[in-house]
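Shown below: my_file.txt, with compact mmCIF, C-alpha atoms and all ligand atoms.
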# COMPACT_ATOMS: atom_id res chain seq x y z
CA MET V 1 -95.04 13.96 19.81
CA LYS V 2 -92.09 15.64 21.52
CA THR V 3 -89.18 13.20 21.88
CA ILE V 4 -87.37 13.30 25.24
CA ILE V 5 -83.58 13.13 24.75
CA LYS V 6 -81.34 12.22 27.71
CA LYS V 7 -77.58 11.65 27.84
CA VAL V 8 -76.21 8.88 30.04
CA ASN V 9 -72.81 7.49 30.92
CA ARG V 10 -72.23 4.22 29.07
CA GLU V 11 -70.58 2.33 31.92
CA ASN V 12 -72.66 3.73 34.73
CA PRO V 13 -75.99 5.02 33.40
CA ASN V 14 -78.02 7.36 35.61
CA GLU V 15 -80.63 5.22 37.35
CA LYS V 16 -83.32 7.92 37.23
CA ILE V 17 -83.06 8.20 33.45
CA ILE V 18 -83.19 4.42 33.00
CA MET V 19 -86.26 4.29 35.29
CA MET V 20 -87.93 6.99 33.22
CA ALA V 21 -87.25 5.04 30.02
CA SER V 22 -88.44 1.75 31.50
CA GLU V 23 -91.69 3.39 32.66
CA ILE V 24 -92.25 4.47 29.05
CA ILE V 25 -91.63 0.89 27.84
CA LYS V 26 -93.99 -0.54 30.50
CA ASN V 27 -96.67 1.92 29.41
CA GLY V 28 -96.46 0.85 25.76
CA GLY V 29 -94.13 3.59 24.49
CA VAL V 30 -91.04 3.37 22.27
CA VAL V 31 -87.49 4.25 23.39
CA ALA V 32 -84.27 4.32 21.32
CA PHE V 33 -81.23 3.06 23.24
CA PRO V 34 -77.58 2.25 22.53
CA THR V 35 -76.23 -1.30 22.22
CA GLU V 36 -72.67 -2.42 21.44
CA THR V 37 -73.57 -2.77 17.73
CA VAL V 38 -76.01 0.00 16.70
CA TYR V 39 -78.85 1.92 18.40
CA GLY V 40 -82.10 -0.03 18.82
CA LEU V 41 -85.72 1.15 18.80
CA GLY V 42 -87.28 -0.66 21.75
CA GLY V 43 -90.74 -1.55 22.98
CA ASN V 44 -92.39 -4.15 25.24
CA SER V 45 -92.29 -7.34 23.17
CA PHE V 46 -95.54 -8.60 24.77
CA ASP V 47 -97.46 -5.45 23.77
CA GLU V 48 -98.76 -5.62 20.17
CA ASN V 49 -99.50 -1.89 20.15
CA ALA V 50 -95.91 -1.12 21.04
CA ILE V 51 -94.75 -3.42 18.22
CA ASP V 52 -97.05 -1.56 15.81
CA LYS V 53 -95.52 1.74 16.92
CA ILE V 54 -92.01 0.46 16.16
CA PHE V 55 -92.96 -0.65 12.63
CA ILE V 56 -94.70 2.69 11.99
CA ALA V 57 -91.82 4.86 13.31
CA LYS V 58 -89.35 3.00 11.06
CA GLY V 59 -91.65 2.66 8.05
CA ARG V 60 -90.66 -1.01 8.15
CA PRO V 61 -92.35 -3.72 6.02
CA GLN V 62 -94.59 -5.93 8.22
CA ASP V 63 -92.93 -9.18 7.11
CA ASN V 64 -89.51 -8.16 8.48
CA PRO V 65 -89.29 -9.54 12.02
CA LEU V 66 -87.82 -7.83 15.08
CA ILE V 67 -85.08 -9.11 17.41
CA LEU V 68 -85.94 -9.74 21.08
CA HIS V 69 -83.40 -8.36 23.55
CA VAL V 70 -82.96 -10.09 26.92
CA SER V 71 -80.75 -9.37 29.93
CA SER V 72 -80.13 -12.99 31.00
CA ILE V 73 -80.06 -16.47 29.46
CA ASP V 74 -82.95 -17.56 31.72
CA GLU V 75 -85.30 -15.16 29.94
CA VAL V 76 -84.92 -17.16 26.72
CA TYR V 77 -86.61 -20.38 27.89
CA PRO V 78 -90.25 -19.16 28.01
CA LEU V 79 -89.85 -17.54 24.58
CA VAL V 80 -88.72 -20.62 22.64
CA GLU V 81 -89.80 -24.20 21.99
CA ARG V 82 -86.51 -25.65 23.20
CA VAL V 83 -82.88 -24.79 23.81
CA ASP V 84 -80.59 -27.52 22.56
CA GLU V 85 -76.97 -28.14 23.55
CA LYS V 86 -75.66 -26.12 20.59
CA ALA V 87 -77.70 -23.04 21.45
CA ARG V 88 -76.79 -23.28 25.13
CA LEU V 89 -73.11 -23.40 24.25
CA LEU V 90 -73.43 -20.36 22.00
CA MET V 91 -75.27 -18.32 24.62
CA GLU V 92 -72.73 -19.19 27.31
CA ARG V 93 -69.80 -18.41 25.07
CA PHE V 94 -70.95 -15.28 23.23
CA TRP V 95 -73.59 -13.58 25.41
CA PRO V 96 -73.71 -10.80 26.20
CA GLY V 97 -72.45 -9.93 22.73
CA PRO V 98 -73.29 -9.32 19.05
CA LEU V 99 -74.81 -12.73 18.30
CA THR V 100 -78.53 -13.18 17.59
CA LEU V 101 -79.88 -16.73 17.69
CA VAL V 102 -82.94 -17.88 15.75
CA PHE V 103 -85.08 -20.43 17.66
CA ASN V 104 -88.49 -22.02 17.11
CA LYS V 105 -90.80 -19.68 19.00
CA SER V 106 -93.15 -20.49 21.88
CA GLU V 107 -96.78 -19.34 22.06
CA LYS V 108 -95.75 -16.36 24.18
CA VAL V 109 -94.17 -14.67 21.17
CA SER V 110 -96.60 -12.86 18.88
CA TYR V 111 -96.61 -13.42 15.11
CA LYS V 112 -96.68 -9.64 14.79
CA LEU V 113 -93.15 -9.60 16.15
CA THR V 114 -91.89 -12.47 13.98
CA GLY V 115 -93.53 -11.22 10.79
CA GLY V 116 -95.62 -14.40 10.64
CA LEU V 117 -92.67 -16.79 11.08
CA ASP V 118 -92.65 -19.71 13.55
CA THR V 119 -89.13 -18.69 14.60
CA VAL V 120 -87.91 -15.89 16.83
CA ALA V 121 -84.56 -14.07 16.90
CA ILE V 122 -83.09 -13.32 20.36
CA ARG V 123 -79.93 -11.65 21.64
CA MET V 124 -78.35 -10.28 24.82
CA PRO V 125 -76.54 -7.01 24.10
CA LYS V 126 -73.18 -6.24 25.71
CA HIS V 127 -73.98 -2.72 26.81
CA ASN V 128 -74.81 -1.51 30.32
CA VAL V 129 -77.47 0.95 29.15
CA ALA V 130 -79.31 -1.72 27.14
CA LEU V 131 -79.01 -4.38 29.86
CA SER V 132 -80.15 -1.99 32.58
CA LEU V 133 -83.13 -0.85 30.49
CA ILE V 134 -84.24 -4.45 29.83
CA LYS V 135 -83.89 -5.38 33.53
CA HIS V 136 -85.85 -2.38 34.76
CA SER V 137 -88.57 -2.87 32.14
CA GLY V 138 -89.08 -6.44 33.34
CA VAL V 139 -89.85 -7.77 29.83
CA PRO V 140 -87.83 -8.73 26.77
CA ILE V 141 -87.48 -5.65 24.57
CA ALA V 142 -88.31 -5.94 20.88
CA ALA V 143 -85.90 -3.74 18.96
CA PRO V 144 -84.85 -3.29 15.34
CA SER V 145 -82.08 -0.82 14.51
CA ALA V 146 -83.29 2.73 15.25
CA ASN V 147 -83.07 4.06 11.66
CA THR V 148 -85.77 4.83 9.14
CA SER V 149 -86.19 1.65 7.10
CA GLY V 150 -83.65 1.63 4.25
CA ARG V 151 -81.30 4.23 5.83
CA PRO V 152 -77.89 3.37 7.33
CA SER V 153 -78.17 2.05 10.92
CA PRO V 154 -77.48 4.62 13.66
CA THR V 155 -74.19 4.38 15.54
CA GLU V 156 -74.58 7.70 17.37
CA ALA V 157 -77.55 9.39 19.03
CA LYS V 158 -77.46 12.21 16.46
CA HIS V 159 -78.28 9.65 13.72
CA VAL V 160 -81.33 8.51 15.72
CA ILE V 161 -82.36 12.14 16.20
CA GLU V 162 -82.11 12.68 12.40
CA ASP V 163 -84.48 9.78 11.68
CA MET V 164 -86.75 9.55 14.73
CA SER V 165 -87.25 13.05 16.17
CA ASP V 166 -90.90 13.57 17.17
CA LYS V 167 -91.80 10.01 16.08
CA ILE V 168 -90.87 8.18 19.31
CA ASP V 169 -91.16 8.85 23.05
CA MET V 170 -87.51 8.95 24.10
CA ILE V 171 -83.89 8.66 22.93
CA ILE V 172 -81.20 7.59 25.41
CA ASP V 173 -77.89 9.06 24.22
CA GLY V 174 -75.09 6.76 25.36
CA GLY V 175 -72.48 8.00 22.88
CA SER V 176 -71.00 5.97 20.00
CA THR V 177 -72.05 2.34 19.95
CA GLY V 178 -68.68 0.63 19.38
CA ILE V 179 -68.78 -2.28 16.94
CA GLY V 180 -70.71 -0.29 14.36
CA VAL V 181 -72.29 -3.09 12.31
CA GLU V 182 -75.24 -5.14 13.56
CA SER V 183 -75.18 -8.51 15.29
CA THR V 184 -74.59 -11.78 13.49
CA VAL V 185 -77.92 -13.58 12.94
CA LEU V 186 -77.40 -17.33 13.33
CA ASP V 187 -79.99 -20.05 12.68
CA VAL V 188 -79.47 -22.87 15.17
CA SER V 189 -82.56 -24.88 14.28
CA MET V 190 -80.61 -27.47 12.23
CA ASP V 191 -77.48 -29.54 12.98
CA VAL V 192 -75.11 -27.17 11.20
CA PRO V 193 -75.44 -23.52 12.32
CA VAL V 194 -76.23 -21.17 9.41
CA ILE V 195 -75.27 -17.48 9.33
CA LEU V 196 -78.26 -15.54 7.99
CA ARG V 197 -76.62 -12.13 8.45
CA PRO V 198 -72.86 -11.69 8.98
CA GLY V 199 -72.08 -9.32 11.87
CA GLY V 200 -70.11 -8.65 15.03
CA ILE V 201 -69.34 -12.33 15.74
CA THR V 202 -67.39 -13.73 12.79
CA ILE V 203 -67.44 -17.16 11.15
CA GLU V 204 -63.86 -17.56 12.44
CA ASP V 205 -65.16 -17.07 16.02
CA LEU V 206 -67.89 -19.68 15.49
CA LEU V 207 -65.54 -22.22 13.88
CA LYS V 208 -63.56 -22.29 17.12
CA ILE V 209 -66.55 -24.05 18.68
CA PHE V 210 -68.20 -25.96 15.81
CA PRO V 211 -66.46 -28.03 13.11
CA LYS V 212 -68.86 -26.68 10.50
CA VAL V 213 -70.70 -23.37 10.08
CA GLU V 214 -72.37 -22.27 6.84
CA TYR V 215 -73.48 -19.00 5.29
CA ASP V 216 -77.03 -18.75 3.97
CA GLN V 217 -76.62 -19.12 0.18
CA SER V 218 -78.06 -15.65 -0.40
CA ILE V 219 -75.05 -14.06 1.34
CA LEU V 220 -72.67 -15.66 -1.14
CA LYS V 221 -74.84 -15.56 -4.29
CA ASP V 222 -76.98 -12.84 -5.81
CA ASN V 223 -79.87 -14.91 -7.15
CA VAL V 224 -80.98 -16.75 -3.99
CA VAL V 225 -83.86 -15.54 -1.79
CA PRO V 226 -82.51 -14.96 1.75
CA LYS V 227 -83.92 -16.86 4.74
CA SER V 228 -83.66 -13.75 6.87
CA PRO V 229 -86.44 -11.46 5.63
CA GLY V 230 -84.46 -8.27 6.31
CA GLN V 231 -81.66 -9.35 4.01
CA LYS V 232 -83.82 -9.11 0.89
CA TYR V 233 -84.42 -5.38 1.18
CA LYS V 234 -82.11 -2.71 -0.22
CA HIS V 235 -80.71 -1.50 3.02
CA TYR V 236 -78.20 0.72 4.74
CA ALA V 237 -78.56 2.89 1.69
CA PRO V 238 -77.28 6.44 1.39
CA LYS V 239 -79.29 8.87 -0.78
CA ALA V 240 -76.55 9.05 -3.43
CA LYS V 241 -75.83 6.35 -5.98
CA MET V 242 -72.92 4.22 -4.79
CA VAL V 243 -70.36 2.11 -6.62
CA VAL V 244 -67.92 -0.21 -4.82
CA TYR V 245 -64.58 -1.14 -6.41
CA ASN V 246 -62.93 -4.36 -5.31
CA GLY V 247 -59.68 -6.15 -6.14
CA GLU V 248 -56.00 -5.29 -5.61
CA VAL V 249 -55.67 -2.04 -3.65
CA GLU V 250 -53.63 -0.32 -6.41
CA ASN V 251 -56.22 -1.26 -9.03
CA ILE V 252 -59.01 0.02 -6.79
CA THR V 253 -57.46 3.45 -6.28
CA THR V 254 -56.65 3.82 -10.00
CA ALA V 255 -60.19 2.87 -11.02
CA ILE V 256 -61.73 5.25 -8.47
CA LYS V 257 -59.47 8.13 -9.54
CA ASN V 258 -60.43 7.62 -13.19
CA HIS V 259 -64.13 7.30 -12.43
CA ALA V 260 -64.06 10.35 -10.14
CA HIS V 261 -62.35 12.43 -12.83
CA GLN V 262 -64.93 11.45 -15.42
CA LEU V 263 -67.81 12.29 -13.05
CA VAL V 264 -66.30 15.68 -12.18
CA LEU V 265 -66.09 16.47 -15.92
CA GLU V 266 -69.82 15.64 -16.13
CA GLY V 267 -70.47 18.20 -13.39
CA LYS V 268 -71.30 15.65 -10.71
CA VAL V 269 -70.52 16.05 -6.98
CA VAL V 270 -68.37 13.05 -6.10
CA GLY V 271 -67.72 11.43 -2.72
CA ILE V 272 -64.86 8.98 -2.24
CA MET V 273 -64.82 6.50 0.64
CA ALA V 274 -61.11 5.93 1.21
CA THR V 275 -58.95 4.23 3.83
CA GLU V 276 -56.04 5.65 5.85
CA GLU V 277 -53.62 3.77 3.61
CA THR V 278 -55.03 5.12 0.33
CA VAL V 279 -56.38 8.61 1.07
CA ALA V 280 -53.26 10.42 -0.21
CA ASN V 281 -53.93 9.09 -3.75
CA TYR V 282 -57.05 11.18 -4.33
CA ASP V 283 -57.04 14.78 -5.49
CA GLU V 284 -60.67 15.21 -6.59
CA GLY V 285 -64.03 14.91 -4.85
CA SER V 286 -65.01 14.92 -1.17
CA VAL V 287 -62.79 12.27 0.34
CA LEU V 288 -63.77 10.67 3.67
CA VAL V 289 -61.62 8.12 5.48
CA VAL V 290 -63.67 5.20 6.79
CA GLY V 291 -60.84 3.55 8.75
CA SER V 292 -57.66 1.53 8.36
CA ARG V 293 -57.24 -1.55 6.17
CA ASN V 294 -54.96 -2.93 8.87
CA LYS V 295 -57.64 -2.47 11.53
CA ARG V 296 -60.89 -3.62 9.96
CA ASP V 297 -62.72 -2.94 13.25
CA THR V 298 -62.27 0.80 12.62
CA ILE V 299 -63.97 0.44 9.22
CA ALA V 300 -66.94 -1.36 10.84
CA GLN V 301 -67.18 1.40 13.46
CA ASN V 302 -67.29 4.25 10.95
CA LEU V 303 -69.05 2.76 7.89
CA PHE V 304 -72.63 3.87 8.62
CA SER V 305 -71.70 7.32 9.91
CA VAL V 306 -69.54 7.97 6.83
CA LEU V 307 -72.49 6.99 4.58
CA ARG V 308 -74.67 9.48 6.47
CA GLU V 309 -71.95 12.14 6.17
CA PHE V 310 -71.92 11.75 2.37
CA ASP V 311 -75.67 12.37 2.44
CA SER V 312 -75.18 15.60 4.35
CA LEU V 313 -72.54 16.67 1.80
CA ASN V 314 -75.18 16.14 -0.92
CA VAL V 315 -72.90 14.12 -3.17
CA ASP V 316 -74.43 12.62 -6.34
CA VAL V 317 -72.22 9.52 -6.42
CA ILE V 318 -70.14 7.71 -3.78
CA LEU V 319 -67.14 5.72 -5.02
CA ALA V 320 -66.10 3.30 -2.29
CA GLU V 321 -63.10 1.04 -1.81
CA GLY V 322 -63.90 -2.61 -1.13
CA ILE V 323 -61.93 -4.40 1.59
CA ASP V 324 -61.02 -8.03 2.09
CA THR V 325 -63.49 -10.33 3.78
CA LYS V 326 -61.42 -11.68 6.65
CA GLY V 327 -63.01 -11.44 10.11
CA ILE V 328 -65.49 -8.60 10.36
CA GLY V 329 -64.69 -7.79 6.69
CA THR V 330 -67.51 -10.16 5.64
CA ALA V 331 -70.06 -8.08 7.55
CA ILE V 332 -68.60 -4.84 6.20
CA MET V 333 -68.74 -6.02 2.56
CA ASN V 334 -72.28 -7.38 3.11
CA ARG V 335 -73.43 -3.88 4.21
CA MET V 336 -71.52 -2.20 1.38
CA LYS V 337 -73.10 -4.54 -1.16
CA LYS V 338 -76.54 -3.54 0.08
CA ALA V 339 -75.69 0.14 0.18
CA CYS V 340 -74.61 0.07 -3.47
CA GLY V 341 -77.53 -2.12 -4.59
CA GLY V 342 -75.04 -4.79 -5.73
CA ASP V 343 -72.94 -2.48 -7.97
CA ILE V 344 -69.55 -4.01 -7.07
CA ARG V 345 -66.94 -3.74 -9.83
CA HIS V 346 -63.96 -6.08 -9.79
CA VAL V 347 -60.73 -4.50 -10.99
O1 LIG F 1 -77.19 -5.57 16.31
C1 LIG F 1 -78.38 -5.76 16.08
O2 LIG F 1 -78.85 -6.88 15.80
C2 LIG F 1 -79.33 -4.54 16.19
C3 LIG F 1 -79.37 -4.07 17.62
C4 LIG F 1 -80.36 -2.95 17.84
O3 LIG F 1 -79.65 -5.15 18.46
N1 LIG F 1 -80.63 -4.88 15.71
C5 LIG F 1 -80.91 -5.05 14.39
O4 LIG F 1 -82.25 -5.31 14.16
O5 LIG F 1 -80.08 -5.00 13.53
P1 LIG F 1 -82.89 -5.22 12.70
O6 LIG F 1 -84.35 -5.37 12.95
O7 LIG F 1 -82.47 -3.99 12.03
O8 LIG F 1 -82.39 -6.48 11.98
C6 LIG F 1 -82.84 -7.76 12.38
C7 LIG F 1 -82.49 -8.78 11.34
C8 LIG F 1 -83.31 -8.61 10.09
O9 LIG F 1 -82.48 -8.88 8.97
C9 LIG F 1 -84.40 -9.65 10.26
O10 LIG F 1 -84.94 -10.08 9.04
C10 LIG F 1 -83.64 -10.76 10.97
O11 LIG F 1 -82.80 -10.08 11.87
N2 LIG F 1 -84.55 -11.63 11.72
C11 LIG F 1 -85.33 -11.32 12.77
N3 LIG F 1 -86.07 -12.36 13.15
C12 LIG F 1 -85.75 -13.38 12.33
C13 LIG F 1 -86.18 -14.75 12.19
N4 LIG F 1 -87.10 -15.25 13.01
N5 LIG F 1 -85.63 -15.49 11.21
C14 LIG F 1 -84.68 -14.98 10.40
N6 LIG F 1 -84.24 -13.71 10.46
C15 LIG F 1 -84.77 -12.91 11.40
MG MG F 2 -81.84 -2.72 10.62
Would you give me this structure, written as structure tokens?
Amino acid sequence: MKTIIKKVNRENPNEKIIMMASEIIKNGGVVAFPTETVYGLGGNSFDENAIDKIFIAKGRPQDNPLILHVSSIDEVYPLVERVDEKARLLMERFWPGPLTLVFNKSEKVSYKLTGGLDTVAIRMPKHNVALSLIKHSGVPIAAPSANTSGRPSPTEAKHVIEDMSDKIDMIIDGGSTGIGVESTVLDVSMDVPVILRPGGITIEDLLKIFPKVEYDQSILKDNVVPKSPGQKYKHYAPKAKMVVYNGEVENITTAIKNHAHQLVLEGKVVGIMATEETVANYDEGSVLVVGSRNKRDTIAQNLFSVLREFDSLNVDVILAEGIDTKGIGTAIMNRMKKACGGDIRHV
């Protein structure tokens, strides 16, 4: 299959291109499109064949459910059993935006989409291209991140092209996504909201509205099975082995320098994921700056593309600096922990 690739303006996407993409969705095809978090791989959520195509293109395990993308709050009601006060408040406050809510599903939602679960995850992206595509398609769009399963999520069209060329019908190139890590997945089925995946909306944001918000135990501990199926897979992984160092910044840079030196002596190609504040400390290896410690948003924006860049440099080992878990830092460290398969060393 030859994949059609079209560039659009993020704020004001070309109507003809969006129409072309929505025709593909209506006819059961699969289209990659930008959102404010990462690129998604979209299909008609009411078409089981389209859902199959998404799972096949990604090589995704069947028990890992997809997120439904809507363009208005009204579209949620037919898809779920009920919307309580808490969920309504969250939608009004944070949509469109990087917050995915998990509801009990209605009969309209196929078990194929939910991986056999009785719940369904729904979000409204804050991106004109995504919203326009959903509106023109006339159906909620089922979309996981548009990467091959296990690879870092795509934040630019070129990442989607790397993974999905000739496997899907179309890629809409709307430039860099923005936030850079995926949406927060929040279970609102109980009294206290539970974060199943930390993301673009932080626990600090949610605590402004609710007195209590919890993390799923698996996010905090290593030996608990996560409630969100996707969280149990090794994920966001670069090809190289990765080690994350965490602790005081000075200790981190010293430990990474020592480790890098030892690896170079062993003849290994070393990549170092540094920050603007620390980059001057390193004199060995391929050093890439992921962002600034004082502006954690920049680290979120660049994390996945830096991991992909290390792959293209063919490094054997990536030594990465941990960052503190304030604000979006929790989501960043959650992705780093997955990328390194849990090899976080405290120094
Ligand atoms: O920002 C995002 O959320 C992006 C963009 C494209 O919208 N999408 C995304 O989708 O990250 P995906 O499929 O890569 O990740 C969806 C996550 C998975 O961890 C999945 O297990 C979880 O959401 N999920 C989906 N449905 C669920 C459900 N019913 N209960 C619990 N977790 C669910
Ligand atoms: Mg994903």
Would you place a box with edges along x, y and z of the file around all atoms of ligand LIG 1 (chain F) listed there, add 6 Å to each of its six sides, and report the centre and edge lengths in Å to one decimal, as AutoDock Vina command-line options?
--center_x -82.1 --center_y -9.2 --center_z 13.7 --size_x 21.9 --size_y 24.5 --size_z 21.5
*Between V:Gly40, V:Pro154, V:Pro98, V:Pro211, which one has atoms that come closest to Ala142 in chain V, using only C-alpha atoms?*
V:Gly40
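The environment of range 45-57 of chain V within 6 Å, counting all atoms listed in the file and disregarding residues fewer than 6 places along the same chain, consists of Gly28, Pro140, Ile141, Ala142 and Lys167 of chain V.
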Restricted to C-alpha atoms, what would the selected residues look like written as a PDB file, in the coordinates of the input?
ATOM      1  CA  GLY V  28     -96.460   0.850  25.760  1.00  0.00           C
ATOM      2  CA  PRO V 140     -87.830  -8.730  26.770  1.00  0.00           C
ATOM      3  CA  ILE V 141     -87.480  -5.650  24.570  1.00  0.00           C
ATOM      4  CA  ALA V 142     -88.310  -5.940  20.880  1.00  0.00           C
ATOM      5  CA  LYS V 167     -91.800  10.010  16.080  1.00  0.00           C
TER       6      LYS V 167
END
*asked:* Taking only C-alpha atoms and all ligand atoms and a cut-off of 7 Å, can you tell me which residues surround ligand MG 2 (chain F), written as a PyMOL selection string?
replied: chain V and resi 144-145+147+153
*Skip range 10-22 of chain V itself and residues of its chain fewer than 3 positions away, then list as JSON, numbers by chain all residues within 9 Å of it, counting only C-alpha atoms.*
{"V": [6, 7, 25, 26, 27, 29, 30, 31, 34, 127, 128, 129, 132, 133, 134, 135, 136, 137, 138, 169, 170, 171, 172, 173, 174, 175]}
_Contacts with ligand LIG 1 (chain F) at most 7 Å, all atoms listed in the file counted, listed as a ChimeraX atom specification_ = /V:35,37-41,64-67,98,100,102,114,117,119-121,125,143-146,181-185,196-197,227-231
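Proximity of V:Arg151, V:Arg93, V:Lys268, V:Lys326 to Ser286 in chain V, computed with all atoms listed in the file, is greatest for V:Lys268.
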*Using CA of Val83 in chain V and CA of Met190 in chain V as the two end points, give the distance in Å to one decimal.*
12.1 Å
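We find CA of Asp283 in chain V and CA of His259 in chain V to be spaced 12.4 Å apart.
Between CA of Val244 in chain V and CA of Asp343 in chain V lies a distance of 6.3 Å.
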May I have the residues within 9 Å of range 71-79 of chain V as a PDB file with C-alpha atoms, in the coordinates of the input, using only C-alpha atoms and disregarding those fewer than 2 positions away in the same chain?
ATOM      1  CA  HIS V  69     -83.400  -8.360  23.550  1.00  0.00           C
ATOM      2  CA  GLU V  81     -89.800 -24.200  21.990  1.00  0.00           C
ATOM      3  CA  ARG V  82     -86.510 -25.650  23.200  1.00  0.00           C
ATOM      4  CA  VAL V  83     -82.880 -24.790  23.810  1.00  0.00           C
ATOM      5  CA  ARG V  88     -76.790 -23.280  25.130  1.00  0.00           C
ATOM      6  CA  MET V  91     -75.270 -18.320  24.620  1.00  0.00           C
ATOM      7  CA  GLU V  92     -72.730 -19.190  27.310  1.00  0.00           C
ATOM      8  CA  TRP V  95     -73.590 -13.580  25.410  1.00  0.00           C
ATOM      9  CA  PRO V  96     -73.710 -10.800  26.200  1.00  0.00           C
ATOM     10  CA  PHE V 103     -85.080 -20.430  17.660  1.00  0.00           C
ATOM     11  CA  ASN V 104     -88.490 -22.020  17.110  1.00  0.00           C
ATOM     12  CA  LYS V 105     -90.800 -19.680  19.000  1.00  0.00           C
ATOM     13  CA  SER V 106     -93.150 -20.490  21.880  1.00  0.00           C
ATOM     14  CA  GLU V 107     -96.780 -19.340  22.060  1.00  0.00           C
ATOM     15  CA  LYS V 108     -95.750 -16.360  24.180  1.00  0.00           C
ATOM     16  CA  VAL V 109     -94.170 -14.670  21.170  1.00  0.00           C
ATOM     17  CA  VAL V 120     -87.910 -15.890  16.830  1.00  0.00           C
ATOM     18  CA  ILE V 122     -83.090 -13.320  20.360  1.00  0.00           C
ATOM     19  CA  ARG V 123     -79.930 -11.650  21.640  1.00  0.00           C
ATOM     20  CA  MET V 124     -78.350 -10.280  24.820  1.00  0.00           C
ATOM     21  CA  PRO V 125     -76.540  -7.010  24.100  1.00  0.00           C
ATOM     22  CA  ALA V 130     -79.310  -1.720  27.140  1.00  0.00           C
ATOM     23  CA  LEU V 131     -79.010  -4.380  29.860  1.00  0.00           C
ATOM     24  CA  SER V 132     -80.150  -1.990  32.580  1.00  0.00           C
ATOM     25  CA  LEU V 133     -83.130  -0.850  30.490  1.00  0.00           C
ATOM     26  CA  ILE V 134     -84.240  -4.450  29.830  1.00  0.00           C
ATOM     27  CA  LYS V 135     -83.890  -5.380  33.530  1.00  0.00           C
ATOM     28  CA  VAL V 139     -89.850  -7.770  29.830  1.00  0.00           C
ATOM     29  CA  PRO V 140     -87.830  -8.730  26.770  1.00  0.00           C
TER      30      PRO V 140
END
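Compared by their closest atoms to Lys337 in chain V, and using all atoms listed in the file, the residues V:Ala157, V:Leu220, V:Val289, V:Ser176 rank with V:Leu220 nearest.
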_Around the point (-62.5, -11.9, 0.8) (coordinates from the file), which residues reach within 12 Å if we count all atoms listed in the file? Answer as a list in words._
Leu220, Asn246, Gly247, Glu248, Gly322, Ile323, Asp324, Thr325, Lys326, Gly327, Ile328, Gly329, Thr330, Ala331, Ile332, Met333 and Asn334 of chain V
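In terms of minimum interatomic distance to Val269 in chain V, V:Lys241 ranks closest within V:Lys221, V:Lys241, V:Lys158, V:Arg60, counting only C-alpha atoms.
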Leaving out Tyr245 in chain V and any residue of its chain fewer than 2 positions from it, which residues lie within 8 Å of it when counting only C-alpha atoms, given as a CSV table (one decimal) with C-alpha atoms, in the coordinates of the input?
chain,number,residue,atom,x,y,z
V,243,VAL,CA,-70.4,2.1,-6.6
V,247,GLY,CA,-59.7,-6.2,-6.1
V,252,ILE,CA,-59.0,0.0,-6.8
V,255,ALA,CA,-60.2,2.9,-11.0
V,256,ILE,CA,-61.7,5.2,-8.5
V,319,LEU,CA,-67.1,5.7,-5.0
V,320,ALA,CA,-66.1,3.3,-2.3
V,321,GLU,CA,-63.1,1.0,-1.8
V,322,GLY,CA,-63.9,-2.6,-1.1
V,344,ILE,CA,-69.6,-4.0,-7.1
V,345,ARG,CA,-66.9,-3.7,-9.8
V,346,HIS,CA,-64.0,-6.1,-9.8
V,347,VAL,CA,-60.7,-4.5,-11.0
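Using all atoms listed in the file, the smallest distance between any of V:Gly199, V:Pro61, V:Val315, V:Glu266 and Leu288 in chain V comes from V:Val315.
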Atoms are missing here; could range 77-85 of chain V be completed with N, CA and C atoms and written as a short mmCIF file (atom, residue, chain, number, x, y, z; two decimals), keeping the file's coordinate frame?
data_model
loop_
_atom_site.label_atom_id
_atom_site.label_comp_id
_atom_site.auth_asym_id
_atom_site.auth_seq_id
_atom_site.Cartn_x
_atom_site.Cartn_y
_atom_site.Cartn_z
N TYR V 77 -85.85 -19.12 27.85
CA TYR V 77 -86.61 -20.38 27.89
C TYR V 77 -88.11 -20.23 27.64
N PRO V 78 -88.80 -19.26 28.29
CA PRO V 78 -90.25 -19.16 28.01
C PRO V 78 -90.58 -18.69 26.59
N LEU V 79 -89.58 -18.15 25.90
CA LEU V 79 -89.85 -17.54 24.58
C LEU V 79 -89.69 -18.54 23.43
N VAL V 80 -89.08 -19.70 23.72
CA VAL V 80 -88.72 -20.62 22.64
C VAL V 80 -89.26 -22.02 22.91
N GLU V 81 -89.31 -22.83 21.85
CA GLU V 81 -89.80 -24.20 21.99
C GLU V 81 -88.81 -25.03 22.82
N ARG V 82 -87.53 -24.98 22.39
CA ARG V 82 -86.51 -25.65 23.20
C ARG V 82 -85.13 -25.06 22.94
N VAL V 83 -84.27 -25.23 23.94
CA VAL V 83 -82.88 -24.79 23.81
C VAL V 83 -82.02 -26.05 23.76
N ASP V 84 -81.41 -26.30 22.61
CA ASP V 84 -80.59 -27.52 22.56
C ASP V 84 -79.16 -27.21 23.02
N GLU V 85 -78.34 -28.24 23.05
CA GLU V 85 -76.97 -28.14 23.55
C GLU V 85 -76.17 -27.07 22.80
#
